[in-house]
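So the structure is just underneath, and the comments pick up after that.
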Amino acid sequence: MLDKNSYIPIYIQIEEIIKQRILSNEYKIGDAIPSERELSVQFDVSRMTVRQSITNLVNDGMLYREKGRGTFVANPKLEQPLQGLTSFTEDMRARNMVPSSKVVRFEKIIPSVDVARDLQLELGEEVFFVIRIRNADGTPMAIERTYIPVKIYPQLDASMLTGSLYSLIETAFQQKIGNAIQQMEAAIVSKEDSKFLQINQTAPVLIIKRISYLSNGTPFELVRSVYRADRYKFISQISR
Ligand code: 16G
């Protein structure tokens with residue numbers, strides 16, 4: 001309830017009330033919340049005050065506005081830790097979500113000079129080039145373009161990649177995965193990826209490039225992953 005005598009500013013109290021309504025499912029994910037006008041009547045405050053509360057919740061990512069349509073409850077972003085060399089399958093299972101993958105391309109190619117260098121291959125050595133759409137509970141979350149040296153896994157085929165690559169390597173191929181180097185950058189989604197990810201053509205994405213090594217130091221994958229920026233936030237622990 002609003003307490004107009006409180007030292008806590010009214011717009012912050014309203015923010016908290018709306019947050020509670022979202023958390024208690026009174027306002028459901030994807031639903032429109034009442035208009036500024038309705039809320040200002042409900043709380044008996046000015047529209048300006050309500051607007052301030054809503055703007056803060058939009059900035060926090062709990063709500064999003066759509067021009068001419070209203071303000072909606074956002075799907076909470078997945079928090080992805082940046083430490084720990086985990087796989088997509090493990091990450092989703094840890095959240096009780098069901099991972100699935102669609103292999104949209106699988107071919108043997110001679111990689112570019114840059115890819116060959118990252119994978120420590122001689123010029124002309126082949127790689128498998130794989131594009132996979134990674135889904136959580138059936139919704140596309142990321143798209144991955146993976147280069148895997150053919151000489152390490154000559155027996156690889158597309159049907160093996162609908163499940164987890166990392167568990168294939170560790171269980172079927174009995175190899176130990178060691179570490180990886182990652183870099184991340186922001187971008188606007190490409191036209192092709194907007195279709196794969198079923199998002200707007202101007203949507204922001206986060207791109208992670210990962211080179212992963214077996215424990216003996218051999219690079220076994222170079223991956224460019226495109227993550228939906230509206231569904232992911234990356235968390236890292238830092239200390240000094
Ligand atoms: C993650 C990795 C990717 C790896 C994949 C294996 C990032 C940025 N990328 O998506 O490099 O190939 O997991 O997942 O985290 P899988 O074992 O489920 O196939």
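As shown in the structure tokens, the chain order sets the letters A, B, ...; within each chain, residues go from 1, and ligands are also counted from 1 in the order they appear.
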Backbone-only DSSP, strand (DSSP E or B) members of segment 153-186 of chain A, as a list in words: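 Answer for segment 153-186 of chain A, restricted to strand (DSSP E or B): Ile177, Gly178, Asn179, Ala180, Ile181, Gln182, Gln183, Met184, Glu185 and Ala186 of chain A.
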Save out the residues we just selected, C-alpha atoms, as an mmCIF file, in the first residue's frame.
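result_26.cif was written with the following content:
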data_model
loop_
_atom_site.group_PDB
_atom_site.id
_atom_site.type_symbol
_atom_site.label_atom_id
_atom_site.label_comp_id
_atom_site.auth_asym_id
_atom_site.auth_seq_id
_atom_site.Cartn_x
_atom_site.Cartn_y
_atom_site.Cartn_z
ATOM 1 C CA ILE A 177 38.306 -30.343 -22.058
ATOM 2 C CA GLY A 178 40.744 -27.894 -20.500
ATOM 3 C CA ASN A 179 40.150 -24.176 -20.893
ATOM 4 C CA ALA A 180 39.022 -21.481 -23.290
ATOM 5 C CA ILE A 181 39.613 -17.893 -24.267
ATOM 6 C CA GLN A 182 36.562 -15.723 -24.788
ATOM 7 C CA GLN A 183 35.806 -12.282 -26.066
ATOM 8 C CA MET A 184 32.469 -10.518 -26.104
ATOM 9 C CA GLU A 185 31.079 -7.649 -28.124
ATOM 10 C CA ALA A 186 27.733 -5.997 -28.732
#
Neighbourhood of ligand 1 at 7 Å, counting only C-alpha atoms and all ligand atoms, reported as a count of residues only: 18
Shortest interatomic distance to Phe234 of chain A - which of A:Ile133, A:Ile54, A:Leu78, A:Leu63, counting only C-alpha atoms: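 Residue with the minimum atom-to-atom distance to Phe234 of chain A: A:Leu78.
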Which of segment 34-234 of chain A fall in helix (DSSP H, G or I), as number ranges by chain: A: 36-43, 47-59, 88-94, 113-118, 158-161, 165-172, 191-197
Those selected residues, please, written with N, CA and C atoms and delivered as a compact mmCIF listing (two decimals), in the first residue's frame.
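Output saved as selection26.txt:
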# COMPACT_ATOMS: atom_id res chain seq x y z
N GLU A 36 -0.71 4.49 -17.78
CA GLU A 36 -0.28 5.50 -16.80
C GLU A 36 -1.50 6.17 -16.18
N ARG A 37 -2.50 6.42 -17.04
CA ARG A 37 -3.69 7.10 -16.54
C ARG A 37 -4.41 6.23 -15.49
N GLU A 38 -4.59 4.95 -15.84
CA GLU A 38 -5.26 4.06 -14.88
C GLU A 38 -4.49 3.96 -13.57
N LEU A 39 -3.16 3.84 -13.70
CA LEU A 39 -2.36 3.69 -12.48
C LEU A 39 -2.40 4.98 -11.64
N SER A 40 -2.42 6.12 -12.34
CA SER A 40 -2.44 7.36 -11.56
C SER A 40 -3.76 7.50 -10.81
N VAL A 41 -4.84 7.00 -11.40
CA VAL A 41 -6.13 7.02 -10.69
C VAL A 41 -6.07 6.04 -9.51
N GLN A 42 -5.55 4.83 -9.81
CA GLN A 42 -5.46 3.79 -8.78
C GLN A 42 -4.68 4.26 -7.55
N PHE A 43 -3.54 4.93 -7.80
CA PHE A 43 -2.68 5.33 -6.68
C PHE A 43 -2.98 6.76 -6.20
N ARG A 47 0.28 11.64 -13.12
CA ARG A 47 0.82 10.75 -14.15
C ARG A 47 2.32 10.82 -14.22
N MET A 48 2.85 12.01 -13.92
CA MET A 48 4.31 12.20 -13.92
C MET A 48 4.99 11.23 -12.95
N THR A 49 4.36 11.09 -11.77
CA THR A 49 4.93 10.21 -10.75
C THR A 49 4.92 8.76 -11.23
N VAL A 50 3.78 8.37 -11.79
CA VAL A 50 3.66 6.99 -12.31
C VAL A 50 4.68 6.77 -13.42
N ARG A 51 4.83 7.78 -14.27
CA ARG A 51 5.77 7.64 -15.40
C ARG A 51 7.19 7.41 -14.90
N GLN A 52 7.56 8.12 -13.83
CA GLN A 52 8.91 7.96 -13.25
C GLN A 52 9.12 6.51 -12.79
N SER A 53 8.11 5.95 -12.11
CA SER A 53 8.23 4.56 -11.62
C SER A 53 8.38 3.61 -12.79
N ILE A 54 7.55 3.82 -13.82
CA ILE A 54 7.58 2.91 -14.96
C ILE A 54 8.91 3.02 -15.70
N THR A 55 9.39 4.25 -15.85
CA THR A 55 10.68 4.45 -16.54
C THR A 55 11.79 3.69 -15.81
N ASN A 56 11.77 3.76 -14.48
CA ASN A 56 12.80 3.03 -13.72
C ASN A 56 12.70 1.53 -13.96
N LEU A 57 11.47 1.01 -14.01
CA LEU A 57 11.31 -0.43 -14.23
C LEU A 57 11.68 -0.83 -15.66
N VAL A 58 11.46 0.09 -16.61
CA VAL A 58 11.89 -0.16 -18.00
C VAL A 58 13.41 -0.20 -18.04
N ASN A 59 14.04 0.78 -17.34
CA ASN A 59 15.51 0.81 -17.34
C ASN A 59 16.11 -0.42 -16.65
N PHE A 88 26.30 -25.12 -23.35
CA PHE A 88 24.92 -24.63 -23.42
C PHE A 88 23.97 -25.61 -22.73
N THR A 89 24.17 -26.89 -23.02
CA THR A 89 23.31 -27.93 -22.44
C THR A 89 23.36 -27.88 -20.91
N GLU A 90 24.58 -27.80 -20.37
CA GLU A 90 24.72 -27.74 -18.91
C GLU A 90 24.07 -26.47 -18.35
N ASP A 91 24.30 -25.35 -19.05
CA ASP A 91 23.75 -24.07 -18.56
C ASP A 91 22.23 -24.12 -18.48
N MET A 92 21.60 -24.69 -19.48
CA MET A 92 20.14 -24.73 -19.50
C MET A 92 19.61 -25.71 -18.47
N ARG A 93 20.26 -26.88 -18.38
CA ARG A 93 19.79 -27.87 -17.40
C ARG A 93 19.91 -27.32 -15.99
N ALA A 94 20.97 -26.53 -15.73
CA ALA A 94 21.16 -25.96 -14.40
C ALA A 94 20.00 -25.04 -14.04
N VAL A 113 42.09 -17.90 -43.20
CA VAL A 113 43.40 -17.83 -42.55
C VAL A 113 43.24 -17.57 -41.05
N ASP A 114 42.30 -16.69 -40.70
CA ASP A 114 42.10 -16.36 -39.28
C ASP A 114 41.63 -17.56 -38.47
N VAL A 115 40.65 -18.29 -39.02
CA VAL A 115 40.13 -19.46 -38.31
C VAL A 115 41.24 -20.51 -38.18
N ALA A 116 41.98 -20.72 -39.24
CA ALA A 116 43.08 -21.70 -39.22
C ALA A 116 44.10 -21.32 -38.14
N ARG A 117 44.41 -20.04 -38.06
CA ARG A 117 45.39 -19.60 -37.07
C ARG A 117 44.86 -19.85 -35.65
N ASP A 118 43.58 -19.46 -35.40
CA ASP A 118 43.02 -19.66 -34.06
C ASP A 118 43.01 -21.13 -33.66
N ALA A 158 26.52 -34.71 -38.57
CA ALA A 158 25.51 -33.76 -38.08
C ALA A 158 24.61 -34.34 -37.00
N SER A 159 24.28 -35.64 -37.12
CA SER A 159 23.34 -36.22 -36.16
C SER A 159 23.92 -36.25 -34.74
N MET A 160 25.27 -36.17 -34.62
CA MET A 160 25.88 -36.19 -33.29
C MET A 160 25.76 -34.84 -32.61
N LEU A 161 25.37 -33.81 -33.38
CA LEU A 161 25.41 -32.46 -32.82
C LEU A 161 24.05 -31.91 -32.43
N LEU A 165 27.80 -31.12 -27.62
CA LEU A 165 29.14 -31.34 -28.17
C LEU A 165 30.13 -31.69 -27.05
N TYR A 166 30.01 -30.98 -25.93
CA TYR A 166 30.97 -31.21 -24.84
C TYR A 166 30.81 -32.61 -24.25
N SER A 167 29.58 -33.07 -24.12
CA SER A 167 29.46 -34.42 -23.54
C SER A 167 29.88 -35.47 -24.57
N LEU A 168 29.70 -35.18 -25.85
CA LEU A 168 30.19 -36.08 -26.89
C LEU A 168 31.72 -36.23 -26.77
N ILE A 169 32.39 -35.09 -26.62
CA ILE A 169 33.85 -35.10 -26.53
C ILE A 169 34.31 -35.84 -25.28
N GLU A 170 33.63 -35.54 -24.16
CA GLU A 170 34.09 -36.13 -22.89
C GLU A 170 33.64 -37.58 -22.71
N THR A 171 32.45 -37.90 -23.19
CA THR A 171 31.93 -39.25 -22.95
C THR A 171 32.26 -40.19 -24.10
N ALA A 172 31.83 -39.84 -25.31
CA ALA A 172 32.06 -40.77 -26.42
C ALA A 172 33.53 -40.75 -26.86
N LYS A 191 20.72 -9.91 -40.61
CA LYS A 191 19.42 -10.27 -41.15
C LYS A 191 19.18 -11.80 -41.01
N GLU A 192 20.22 -12.56 -41.37
CA GLU A 192 20.09 -14.02 -41.30
C GLU A 192 19.78 -14.49 -39.87
N ASP A 193 20.54 -13.92 -38.91
CA ASP A 193 20.36 -14.36 -37.52
C ASP A 193 19.03 -13.90 -36.93
N SER A 194 18.51 -12.76 -37.41
CA SER A 194 17.21 -12.32 -36.88
C SER A 194 16.14 -13.36 -37.22
N LYS A 195 16.29 -14.02 -38.35
CA LYS A 195 15.32 -15.06 -38.72
C LYS A 195 15.53 -16.30 -37.84
N PHE A 196 16.78 -16.71 -37.70
CA PHE A 196 17.06 -17.88 -36.86
C PHE A 196 16.56 -17.66 -35.42
N LEU A 197 16.80 -16.45 -34.91
CA LEU A 197 16.47 -16.18 -33.51
C LEU A 197 15.03 -15.68 -33.33
Interatomic distance (Å, one decimal) between atom CA of Met141 of chain A and atom CA of Val103 of chain A: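 Computing it gives 14.2 Å between the two atoms.
A straight line drawn from atom CA of Gln175 of chain A to atom CA of Pro219 of chain A is 12.2 Å long.
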Within 12 Å of Pro140 of chain A using only C-alpha atoms, minus same-chain residues under 4 positions, as a count of residues only: 24
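The space separating atom CA of Phe72 of chain A from atom CA of Tyr7 of chain A comes to 29.2 Å.
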